[in-house]
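**Q** Sending over protein10.txt (compact mmCIF, C-alpha atoms).
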```
# COMPACT_ATOMS: atom_id res chain seq x y z
CA MET A 1 0.00 0.00 0.00
CA ILE A 2 1.09 3.56 -0.57
CA PHE A 3 0.03 6.26 1.84
CA LYS A 4 0.67 9.97 1.66
CA ILE A 5 -0.19 12.41 4.42
CA ILE A 6 -0.35 16.08 3.51
CA ALA A 7 -0.28 18.04 6.76
CA VAL A 8 0.02 21.68 7.74
CA GLY A 9 3.09 22.63 9.74
CA LYS A 10 5.67 20.73 11.70
CA ILE A 11 4.81 18.88 14.90
CA LYS A 12 6.24 21.01 17.71
CA ASN A 13 5.30 18.65 20.55
CA LYS A 14 8.23 16.25 20.80
CA ALA A 15 6.19 13.46 22.39
CA LEU A 16 3.74 13.51 19.47
CA ALA A 17 6.49 13.77 16.85
CA ASP A 18 8.10 10.68 18.42
CA GLY A 19 4.70 8.92 18.44
CA VAL A 20 4.25 9.58 14.71
CA GLU A 21 7.79 8.34 13.97
CA THR A 22 7.18 5.14 15.95
CA PHE A 23 4.11 4.21 13.91
CA LEU A 24 5.68 5.22 10.58
CA LYS A 25 8.56 2.87 11.40
CA ARG A 26 6.19 0.04 12.35
CA LEU A 27 4.23 0.64 9.13
CA SER A 28 7.32 0.60 6.92
CA PRO A 29 7.48 -3.19 6.25
CA TYR A 30 3.87 -3.10 5.02
CA ALA A 31 3.34 0.27 3.37
CA LYS A 32 5.27 3.16 1.90
CA THR A 33 4.18 6.27 3.77
CA GLU A 34 5.23 9.74 2.77
CA ILE A 35 4.52 12.93 4.70
CA GLU A 36 4.43 16.30 2.95
CA GLU A 37 4.40 19.24 5.31
CA ILE A 38 2.76 22.41 4.07
CA ARG A 39 4.11 25.64 5.53
CA ASP A 40 1.59 27.12 7.96
CA GLY A 41 0.12 30.52 7.22
CA THR A 42 -3.40 31.81 6.77
CA PRO A 43 -6.14 29.24 6.10
CA GLU A 44 -6.26 30.58 2.53
CA SER A 45 -2.52 30.27 1.84
CA GLU A 46 -2.46 26.83 3.45
CA GLY A 47 -5.50 25.82 1.39
CA LYS A 48 -3.88 26.96 -1.84
CA LYS A 49 -0.73 24.93 -1.08
CA ILE A 50 -2.79 21.85 -0.21
CA LEU A 51 -4.73 22.16 -3.48
CA ASP A 52 -1.41 22.44 -5.36
CA ALA A 53 -0.09 19.34 -3.59
CA LEU A 54 -3.31 17.43 -4.33
CA SER A 55 -3.14 18.39 -8.01
CA ARG A 56 0.19 16.51 -8.22
CA GLU A 57 -1.34 13.34 -6.76
CA LYS A 58 -3.49 10.59 -8.18
CA GLY A 59 -5.39 8.35 -5.83
CA PHE A 60 -8.12 8.20 -3.22
CA VAL A 61 -8.29 11.40 -1.16
CA ILE A 62 -9.31 11.37 2.51
CA ILE A 63 -9.76 14.76 4.12
CA LEU A 64 -9.75 14.80 7.93
CA SER A 65 -12.58 16.98 9.15
CA GLU A 66 -14.66 17.10 12.31
CA GLU A 67 -17.75 17.28 10.09
CA GLY A 68 -16.76 14.06 8.38
CA GLU A 69 -18.00 10.52 8.59
CA GLU A 70 -16.86 8.26 11.41
CA PHE A 71 -15.60 4.72 10.87
CA SER A 72 -14.73 1.98 13.30
CA SER A 73 -11.14 0.75 12.93
CA ILE A 74 -12.42 -2.38 11.20
CA GLN A 75 -14.58 -0.38 8.78
CA PHE A 76 -11.66 1.96 8.07
CA SER A 77 -9.36 -0.99 7.42
CA GLN A 78 -11.90 -2.56 5.05
CA LYS A 79 -12.38 0.76 3.28
CA ILE A 80 -8.71 1.41 2.60
CA SER A 81 -7.70 -2.20 2.00
CA GLY A 82 -10.31 -2.42 -0.73
CA LEU A 83 -8.75 0.43 -2.68
CA ASN A 84 -6.26 -0.42 -5.35
CA CYS A 85 -4.54 2.96 -5.48
CA LYS A 86 -2.48 5.43 -3.50
CA ILE A 87 -4.28 6.84 -0.47
CA ILE A 88 -3.74 10.54 0.15
CA MET A 89 -4.80 12.02 3.46
CA VAL A 90 -5.03 15.71 4.35
CA ILE A 91 -4.79 17.16 7.87
CA GLY A 92 -5.36 20.89 8.27
CA GLY A 93 -3.70 23.26 10.71
CA PRO A 94 -5.06 24.78 13.93
CA TYR A 95 -7.60 26.85 12.03
CA GLY A 96 -8.91 24.05 9.88
CA LEU A 97 -9.36 23.70 6.15
CA ILE A 98 -11.03 25.98 3.64
CA PRO A 99 -14.19 24.60 1.94
CA GLU A 100 -12.38 24.25 -1.43
CA VAL A 101 -10.06 21.65 0.10
CA LYS A 102 -12.90 19.76 1.78
CA LYS A 103 -14.62 19.50 -1.62
CA CYS A 104 -11.57 17.63 -3.00
CA GLY A 105 -12.00 14.63 -0.75
CA ASP A 106 -13.38 11.31 -1.90
CA ILE A 107 -14.40 11.06 1.74
CA LEU A 108 -14.33 13.38 4.73
CA LEU A 109 -13.17 11.43 7.78
CA ALA A 110 -13.79 12.38 11.40
CA LEU A 111 -11.46 10.61 13.85
CA SER A 112 -13.77 11.59 16.71
CA ARG A 113 -16.67 13.87 17.54
CA MET A 114 -14.26 15.52 19.96
CA THR A 115 -11.79 18.13 18.84
CA PHE A 116 -8.11 17.34 19.16
CA THR A 117 -5.09 19.39 18.14
CA HIS A 118 -3.92 18.90 14.55
CA GLU A 119 -0.68 17.48 15.98
CA MET A 120 -2.65 14.84 17.87
CA ALA A 121 -4.67 14.10 14.74
CA ARG A 122 -1.48 13.23 12.85
CA PHE A 123 -0.46 10.87 15.62
CA PHE A 124 -3.93 9.22 15.77
CA LEU A 125 -4.01 8.82 12.03
CA THR A 126 -0.63 7.11 11.80
CA GLU A 127 -1.68 4.72 14.56
CA GLN A 128 -4.93 3.99 12.70
CA LEU A 129 -3.04 3.34 9.46
CA TYR A 130 -0.84 0.84 11.26
CA ARG A 131 -3.89 -0.70 12.97
CA SER A 132 -5.71 -0.90 9.60
CA VAL A 133 -2.84 -2.77 8.00
CA MET A 134 -2.60 -5.15 10.98
CA ILE A 135 -6.37 -5.82 10.73
CA ALA A 136 -6.19 -6.40 6.98
CA LYS A 137 -3.25 -8.78 7.41
CA GLY A 138 -4.88 -10.60 10.33
CA LYS A 139 -1.90 -9.75 12.54
CA LYS A 140 -2.11 -9.47 16.30
CA TYR A 141 -2.40 -5.84 17.35
CA HIS A 142 -6.06 -4.90 17.19
CA ASN A 143 -8.09 -6.50 19.99
CA MET B 1 -13.17 20.74 39.86
CA ILE B 2 -11.90 17.41 41.07
CA PHE B 3 -11.05 14.69 38.57
CA LYS B 4 -9.95 11.17 39.26
CA ILE B 5 -8.79 8.75 36.57
CA ILE B 6 -8.74 5.06 37.44
CA ALA B 7 -6.66 3.31 34.80
CA VAL B 8 -5.24 -0.15 34.30
CA GLY B 9 -1.46 -0.44 34.23
CA LYS B 10 1.34 2.01 33.76
CA ILE B 11 1.94 3.85 30.49
CA LYS B 12 4.96 2.15 28.93
CA ASN B 13 5.21 4.43 25.91
CA LYS B 14 7.37 7.33 27.08
CA ALA B 15 5.96 9.79 24.53
CA LEU B 16 2.41 9.16 25.76
CA ALA B 17 3.43 9.25 29.43
CA ASP B 18 5.02 12.66 28.76
CA GLY B 19 1.88 13.78 26.92
CA VAL B 20 -0.31 12.85 29.89
CA GLU B 21 2.03 14.68 32.30
CA THR B 22 1.98 17.80 30.13
CA PHE B 23 -1.80 18.06 30.24
CA LEU B 24 -2.03 17.20 33.96
CA LYS B 25 0.38 20.06 34.62
CA ARG B 26 -1.62 22.45 32.45
CA LEU B 27 -4.81 21.35 34.24
CA SER B 28 -3.36 21.83 37.72
CA PRO B 29 -4.25 25.54 38.18
CA TYR B 30 -7.90 24.74 37.38
CA ALA B 31 -8.58 21.25 38.68
CA LYS B 32 -7.19 18.69 41.08
CA THR B 33 -6.58 15.53 39.06
CA GLU B 34 -5.59 12.26 40.65
CA ILE B 35 -4.61 9.09 38.78
CA GLU B 36 -4.98 5.69 40.40
CA GLU B 37 -3.27 2.91 38.50
CA ILE B 38 -4.71 -0.57 38.90
CA ARG B 39 -2.24 -3.41 38.50
CA ASP B 40 -2.84 -5.21 35.21
CA GLY B 41 -3.83 -8.86 35.24
CA THR B 42 -6.80 -10.77 33.89
CA PRO B 43 -9.90 -8.77 32.91
CA GLU B 44 -11.61 -10.28 35.99
CA SER B 45 -8.88 -9.33 38.48
CA GLU B 46 -8.60 -5.86 36.95
CA GLY B 47 -12.40 -5.54 37.11
CA LYS B 48 -12.49 -6.51 40.78
CA LYS B 49 -9.83 -3.93 41.64
CA ILE B 50 -11.67 -1.24 39.67
CA LEU B 51 -14.91 -2.04 41.48
CA ASP B 52 -13.03 -1.82 44.82
CA ALA B 53 -11.58 1.55 43.81
CA LEU B 54 -15.01 2.80 42.71
CA SER B 55 -16.58 1.70 46.00
CA ARG B 56 -14.24 4.14 47.81
CA GLU B 57 -15.33 7.05 45.60
CA LYS B 58 -18.37 9.28 45.58
CA GLY B 59 -19.16 11.27 42.48
CA PHE B 60 -20.13 11.05 38.83
CA VAL B 61 -18.64 8.00 37.14
CA ILE B 62 -17.62 8.03 33.47
CA ILE B 63 -16.55 4.70 32.01
CA LEU B 64 -14.60 4.85 28.77
CA SER B 65 -15.95 2.29 26.37
CA GLU B 66 -16.07 1.94 22.61
CA GLU B 67 -19.77 1.10 22.92
CA GLY B 68 -20.37 4.37 24.75
CA GLU B 69 -21.95 7.63 23.75
CA GLU B 70 -19.96 10.19 21.81
CA PHE B 71 -19.82 13.86 22.74
CA SER B 72 -18.33 16.83 20.97
CA SER B 73 -15.73 18.65 23.07
CA ILE B 74 -18.26 21.42 23.75
CA GLN B 75 -20.95 18.95 24.81
CA PHE B 76 -18.46 17.13 27.03
CA SER B 77 -17.38 20.41 28.62
CA GLN B 78 -21.01 21.38 29.28
CA LYS B 79 -21.73 17.95 30.71
CA ILE B 80 -18.88 17.91 33.21
CA SER B 81 -19.00 21.62 34.06
CA GLY B 82 -22.63 21.23 35.05
CA LEU B 83 -21.79 18.59 37.66
CA ASN B 84 -21.22 19.74 41.19
CA CYS B 85 -19.24 16.73 42.36
CA LYS B 86 -16.04 14.77 41.85
CA ILE B 87 -15.74 13.24 38.40
CA ILE B 88 -14.32 9.72 38.31
CA MET B 89 -13.22 8.25 35.00
CA VAL B 90 -12.31 4.64 34.31
CA ILE B 91 -10.03 3.44 31.49
CA GLY B 92 -9.62 -0.31 31.03
CA GLY B 93 -6.57 -2.22 29.91
CA PRO B 94 -5.78 -3.80 26.53
CA TYR B 95 -8.52 -6.38 26.95
CA GLY B 96 -11.23 -3.97 27.99
CA LEU B 97 -13.58 -3.89 30.93
CA ILE B 98 -15.86 -6.59 32.34
CA PRO B 99 -19.63 -5.87 32.12
CA GLU B 100 -19.91 -5.37 35.92
CA VAL B 101 -17.64 -2.32 35.65
CA LYS B 102 -19.50 -0.90 32.67
CA LYS B 103 -22.75 -1.10 34.68
CA CYS B 104 -21.23 1.19 37.33
CA GLY B 105 -20.97 4.17 35.03
CA ASP B 106 -23.30 7.14 35.16
CA ILE B 107 -22.33 7.38 31.52
CA LEU B 108 -20.32 5.27 29.09
CA LEU B 109 -18.15 7.56 26.98
CA ALA B 110 -16.63 6.69 23.59
CA LEU B 111 -13.74 8.97 22.60
CA SER B 112 -14.04 7.74 19.02
CA ARG B 113 -15.63 5.02 16.96
CA MET B 114 -12.08 3.96 16.18
CA THR B 115 -10.10 1.78 18.56
CA PHE B 116 -7.00 3.23 20.15
CA THR B 117 -4.62 1.71 22.66
CA HIS B 118 -5.56 2.22 26.31
CA GLU B 119 -2.37 4.27 26.69
CA MET B 120 -3.52 6.61 23.92
CA ALA B 121 -6.97 6.80 25.53
CA ARG B 122 -5.41 8.12 28.73
CA PHE B 123 -3.56 10.78 26.76
CA PHE B 124 -6.67 11.78 24.76
CA LEU B 125 -8.75 11.97 27.91
CA THR B 126 -6.34 14.25 29.77
CA GLU B 127 -6.24 16.55 26.73
CA GLN B 128 -10.05 16.59 26.61
CA LEU B 129 -10.24 17.41 30.33
CA TYR B 130 -7.92 20.35 29.78
CA ARG B 131 -9.90 21.38 26.69
CA SER B 132 -13.18 21.10 28.62
CA VAL B 133 -11.94 23.36 31.38
CA MET B 134 -10.64 25.89 28.83
CA ILE B 135 -14.03 25.86 27.07
CA ALA B 136 -15.92 26.27 30.36
CA LYS B 137 -13.69 29.18 31.41
CA GLY B 138 -13.87 30.81 27.98
CA LYS B 139 -10.07 30.62 27.64
CA LYS B 140 -8.28 30.51 24.34
CA TYR B 141 -7.34 26.94 23.46
CA HIS B 142 -10.31 25.36 21.77
CA ASN B 143 -10.87 26.72 18.25
```
Just give me the structure of the file as structure tokens.
**A**
Amino acid sequence: MIFKIIAVGKIKNKALADGVETFLKRLSPYAKTEIEEIRDGTPESEGKKILDALSREKGFVIILSEEGEEFSSIQFSQKISGLNCKIIMVIGGPYGLIPEVKKCGDILLALSRMTFTHEMARFFLTEQLYRSVMIAKGKKYHN
Amino acid sequence: MIFKIIAVGKIKNKALADGVETFLKRLSPYAKTEIEEIRDGTPESEGKKILDALSREKGFVIILSEEGEEFSSIQFSQKISGLNCKIIMVIGGPYGLIPEVKKCGDILLALSRMTFTHEMARFFLTEQLYRSVMIAKGKKYHN
């Protein structure tokens, strides 16, 4: 599988940056995962850069948004395992995503009804990608 | 406000342990938060110890469970800010909670439809407690 995460800004919280690295490393035998960090700015400038980055990609686009649809981990695993293409995920910055970006998603995904920081969202998402792959492969990780 | 988190086991992941500590420290000017760690074992032995711990407490009991109800951060803040008593939260271990514990909750709370590790759940919960207090006090944190 090929994953790409387009995210706004660098993770400043060291604990979360380490958490993301841990799951990217654990994912590496199973999937190629690339992270493209967009420089943070205004929601409009960030949105423009995300749209540019998306225009260079071909695949299934998942936009993380609190207004999105929720999936269980098993449903999410089934959803992404069934796709035969690159999976591109977009995580906005602290002020969210402009509507033009949200319109580009094949799905809008909500990780929770609760709001978390965008840095936490990146960490949660990498853990869910690893969990999804473990579920799809029938490996022990997801109870 | 007085919060108590009853959780199974110690957090082994250093990044997550640091994340929990960060939010407990940020919460400290606004709320007294105590964590009681139950020694991990079988679901039954963990359940018995949680029930013992709960029997020594008086307050509103929130049991974290994937089958629980979901709240937005604002709804969660309104819910807990409206309570005039100690708030006791229970987080199970990797193999979840026995039904007897789930029955003790005034509410069952799901942080997400997705499954996360119990260590991540403790981190997410402490962030949500901090976020809730910031929302209730009208402080800048929650966008």
**Q** Skip Ile63 of chain B itself and residues of its chain fewer than 5 positions away, then list as a list of chain:residue names all residues within 10 Å of it, counting all atoms listed in the file.
**A**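 So the residues in contact are B:Ile5, B:Ile6, B:Gly68, B:Ile88, B:Met89, B:Val90, B:Ile91, B:Gly92, B:Leu97, B:Val101, B:Lys102, B:Lys103, B:Cys104, B:Gly105, B:Asp106, B:Ile107, B:Leu108, B:Leu109, B:Ala110.
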**Q** Return as a VMD selection string the residues belonging to chain A that are within 10 Å of chain B, counting only C-alpha atoms.
**A** chain A and resid 13 to 20 22 66 70 to 76 94 to 96 110 to 117 120 123 to 124 127 to 128 131 141 to 143
**Q** What would the list of residues within 12 Å of (2.0, 8.9, 2.6) (file frame) look like as number ranges by chain, if only C-alpha atoms are what count?
**A** A: 1-7, 24, 27-28, 31-37, 57, 59-62, 85-91, 122, 125-126, 129
**Q** Can you give chain A as a JSON list (two decimals) with C-alpha atoms, in the frame of the given file after you superpose it on chain B, pairing all C-alpha atoms in order for the least-squares fit?
**A**
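Once written, out39.json looks like this:
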```
[["chain", "number", "residue", "atom", "x", "y", "z"],
["A", 1, "MET", "CA", -13.16, 20.75, 39.84],
["A", 2, "ILE", "CA", -11.90, 17.42, 41.07],
["A", 3, "PHE", "CA", -11.06, 14.70, 38.59],
["A", 4, "LYS", "CA", -9.95, 11.16, 39.26],
["A", 5, "ILE", "CA", -8.81, 8.75, 36.57],
["A", 6, "ILE", "CA", -8.75, 5.07, 37.45],
["A", 7, "ALA", "CA", -6.67, 3.32, 34.80],
["A", 8, "VAL", "CA", -5.25, -0.15, 34.30],
["A", 9, "GLY", "CA", -1.48, -0.43, 34.21],
["A", 10, "LYS", "CA", 1.35, 2.00, 33.76],
["A", 11, "ILE", "CA", 1.94, 3.83, 30.49],
["A", 12, "LYS", "CA", 4.96, 2.14, 28.92],
["A", 13, "ASN", "CA", 5.21, 4.43, 25.89],
["A", 14, "LYS", "CA", 7.36, 7.33, 27.06],
["A", 15, "ALA", "CA", 5.96, 9.79, 24.51],
["A", 16, "LEU", "CA", 2.42, 9.15, 25.76],
["A", 17, "ALA", "CA", 3.42, 9.25, 29.43],
["A", 18, "ASP", "CA", 5.02, 12.66, 28.76],
["A", 19, "GLY", "CA", 1.86, 13.78, 26.91],
["A", 20, "VAL", "CA", -0.31, 12.86, 29.90],
["A", 21, "GLU", "CA", 2.05, 14.67, 32.29],
["A", 22, "THR", "CA", 1.98, 17.81, 30.13],
["A", 23, "PHE", "CA", -1.81, 18.06, 30.25],
["A", 24, "LEU", "CA", -2.02, 17.18, 33.96],
["A", 25, "LYS", "CA", 0.39, 20.05, 34.62],
["A", 26, "ARG", "CA", -1.62, 22.46, 32.45],
["A", 27, "LEU", "CA", -4.81, 21.35, 34.23],
["A", 28, "SER", "CA", -3.36, 21.83, 37.71],
["A", 29, "PRO", "CA", -4.25, 25.55, 38.17],
["A", 30, "TYR", "CA", -7.90, 24.75, 37.38],
["A", 31, "ALA", "CA", -8.58, 21.26, 38.69],
["A", 32, "LYS", "CA", -7.19, 18.69, 41.08],
["A", 33, "THR", "CA", -6.59, 15.53, 39.07],
["A", 34, "GLU", "CA", -5.59, 12.26, 40.64],
["A", 35, "ILE", "CA", -4.62, 9.10, 38.78],
["A", 36, "GLU", "CA", -4.99, 5.68, 40.40],
["A", 37, "GLU", "CA", -3.27, 2.91, 38.51],
["A", 38, "ILE", "CA", -4.71, -0.56, 38.88],
["A", 39, "ARG", "CA", -2.24, -3.42, 38.49],
["A", 40, "ASP", "CA", -2.84, -5.20, 35.19],
["A", 41, "GLY", "CA", -3.84, -8.84, 35.23],
["A", 42, "THR", "CA", -6.79, -10.77, 33.87],
["A", 43, "PRO", "CA", -9.90, -8.77, 32.91],
["A", 44, "GLU", "CA", -11.59, -10.29, 35.97],
["A", 45, "SER", "CA", -8.86, -9.35, 38.47],
["A", 46, "GLU", "CA", -8.61, -5.87, 36.95],
["A", 47, "GLY", "CA", -12.40, -5.54, 37.11],
["A", 48, "LYS", "CA", -12.49, -6.53, 40.76],
["A", 49, "LYS", "CA", -9.83, -3.93, 41.63],
["A", 50, "ILE", "CA", -11.66, -1.23, 39.67],
["A", 51, "LEU", "CA", -14.91, -2.05, 41.49],
["A", 52, "ASP", "CA", -13.04, -1.82, 44.82],
["A", 53, "ALA", "CA", -11.59, 1.55, 43.83],
["A", 54, "LEU", "CA", -15.01, 2.81, 42.71],
["A", 55, "SER", "CA", -16.59, 1.71, 46.00],
["A", 56, "ARG", "CA", -14.24, 4.14, 47.80],
["A", 57, "GLU", "CA", -15.35, 7.06, 45.60],
["A", 58, "LYS", "CA", -18.38, 9.30, 45.58],
["A", 59, "GLY", "CA", -19.17, 11.27, 42.48],
["A", 60, "PHE", "CA", -20.14, 11.06, 38.83],
["A", 61, "VAL", "CA", -18.65, 8.00, 37.14],
["A", 62, "ILE", "CA", -17.63, 8.03, 33.47],
["A", 63, "ILE", "CA", -16.57, 4.70, 32.03],
["A", 64, "LEU", "CA", -14.59, 4.86, 28.77],
["A", 65, "SER", "CA", -15.95, 2.27, 26.38],
["A", 66, "GLU", "CA", -16.05, 1.94, 22.61],
["A", 67, "GLU", "CA", -19.75, 1.09, 22.94],
["A", 68, "GLY", "CA", -20.38, 4.35, 24.75],
["A", 69, "GLU", "CA", -21.95, 7.61, 23.76],
["A", 70, "GLU", "CA", -19.95, 10.18, 21.82],
["A", 71, "PHE", "CA", -19.81, 13.86, 22.75],
["A", 72, "SER", "CA", -18.33, 16.83, 20.98],
["A", 73, "SER", "CA", -15.73, 18.67, 23.08],
["A", 74, "ILE", "CA", -18.26, 21.42, 23.75],
["A", 75, "GLN", "CA", -20.95, 18.94, 24.81],
["A", 76, "PHE", "CA", -18.44, 17.13, 27.04],
["A", 77, "SER", "CA", -17.38, 20.41, 28.63],
["A", 78, "GLN", "CA", -21.01, 21.38, 29.28],
["A", 79, "LYS", "CA", -21.72, 17.94, 30.71],
["A", 80, "ILE", "CA", -18.88, 17.93, 33.21],
["A", 81, "SER", "CA", -18.99, 21.62, 34.06],
["A", 82, "GLY", "CA", -22.62, 21.23, 35.05],
["A", 83, "LEU", "CA", -21.80, 18.61, 37.66],
["A", 84, "ASN", "CA", -21.24, 19.76, 41.19],
["A", 85, "CYS", "CA", -19.25, 16.74, 42.35],
["A", 86, "LYS", "CA", -16.06, 14.79, 41.83],
["A", 87, "ILE", "CA", -15.76, 13.23, 38.38],
["A", 88, "ILE", "CA", -14.32, 9.73, 38.31],
["A", 89, "MET", "CA", -13.24, 8.25, 35.01],
["A", 90, "VAL", "CA", -12.31, 4.63, 34.31],
["A", 91, "ILE", "CA", -10.04, 3.43, 31.49],
["A", 92, "GLY", "CA", -9.64, -0.32, 31.04],
["A", 93, "GLY", "CA", -6.56, -2.22, 29.92],
["A", 94, "PRO", "CA", -5.78, -3.79, 26.54],
["A", 95, "TYR", "CA", -8.51, -6.38, 26.96],
["A", 96, "GLY", "CA", -11.22, -3.98, 27.99],
["A", 97, "LEU", "CA", -13.57, -3.90, 30.94],
["A", 98, "ILE", "CA", -15.85, -6.57, 32.34],
["A", 99, "PRO", "CA", -19.62, -5.87, 32.11],
["A", 100, "GLU", "CA", -19.90, -5.38, 35.91],
["A", 101, "VAL", "CA", -17.64, -2.33, 35.66],
["A", 102, "LYS", "CA", -19.50, -0.90, 32.67],
["A", 103, "LYS", "CA", -22.73, -1.12, 34.68],
["A", 104, "CYS", "CA", -21.22, 1.19, 37.34],
["A", 105, "GLY", "CA", -20.97, 4.18, 35.04],
["A", 106, "ASP", "CA", -23.32, 7.13, 35.16],
["A", 107, "ILE", "CA", -22.35, 7.38, 31.50],
["A", 108, "LEU", "CA", -20.34, 5.26, 29.09],
["A", 109, "LEU", "CA", -18.15, 7.55, 26.98],
["A", 110, "ALA", "CA", -16.64, 6.69, 23.61],
["A", 111, "LEU", "CA", -13.74, 8.97, 22.62],
["A", 112, "SER", "CA", -14.04, 7.74, 19.03],
["A", 113, "ARG", "CA", -15.63, 5.02, 16.94],
["A", 114, "MET", "CA", -12.07, 3.96, 16.19],
["A", 115, "THR", "CA", -10.10, 1.78, 18.55],
["A", 116, "PHE", "CA", -6.99, 3.23, 20.12],
["A", 117, "THR", "CA", -4.61, 1.71, 22.65],
["A", 118, "HIS", "CA", -5.56, 2.22, 26.30],
["A", 119, "GLU", "CA", -2.37, 4.27, 26.67],
["A", 120, "MET", "CA", -3.53, 6.61, 23.91],
["A", 121, "ALA", "CA", -6.96, 6.81, 25.52],
["A", 122, "ARG", "CA", -5.41, 8.14, 28.73],
["A", 123, "PHE", "CA", -3.56, 10.79, 26.77],
["A", 124, "PHE", "CA", -6.69, 11.79, 24.77],
["A", 125, "LEU", "CA", -8.75, 11.98, 27.92],
["A", 126, "THR", "CA", -6.34, 14.25, 29.76],
["A", 127, "GLU", "CA", -6.24, 16.55, 26.74],
["A", 128, "GLN", "CA", -10.05, 16.59, 26.63],
["A", 129, "LEU", "CA", -10.25, 17.40, 30.34],
["A", 130, "TYR", "CA", -7.93, 20.35, 29.81],
["A", 131, "ARG", "CA", -9.89, 21.40, 26.70],
["A", 132, "SER", "CA", -13.18, 21.09, 28.64],
["A", 133, "VAL", "CA", -11.93, 23.37, 31.39],
["A", 134, "MET", "CA", -10.63, 25.90, 28.85],
["A", 135, "ILE", "CA", -14.04, 25.87, 27.09],
["A", 136, "ALA", "CA", -15.92, 26.28, 30.37],
["A", 137, "LYS", "CA", -13.67, 29.17, 31.39],
["A", 138, "GLY", "CA", -13.86, 30.81, 27.96],
["A", 139, "LYS", "CA", -10.07, 30.62, 27.64],
["A", 140, "LYS", "CA", -8.27, 30.50, 24.33],
["A", 141, "TYR", "CA", -7.32, 26.94, 23.46],
["A", 142, "HIS", "CA", -10.30, 25.35, 21.76],
["A", 143, "ASN", "CA", -10.85, 26.70, 18.24]]
```
**Q** In terms of the shortest atom-to-atom distance over all atoms listed in the file, which of A:Leu64, A:Ile80, A:Ala121, A:Val8 is closest to Ile50 of chain A?
**A** A:Val8
**Q** Suppose you want the space between atom CA of Ile11 of chain B and atom CA of Ile11 of chain A; what is it in Å?
**A**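 According to the coordinates, atom CA of Ile11 of chain B and atom CA of Ile11 of chain A are separated by 21.8 Å.
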**Q** If you count only C-alpha atoms, which residues fall within 9 Å of Gly93 of chain B, apart from same-chain ones fewer than 6 positions away, as a list in words?
**A**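 Neighbouring residues, sequence-local ones excluded: Ala7, Val8, Gly9, Asp40, Gly41, Pro43, Glu46, Thr117, His118 and Glu119 of chain B.
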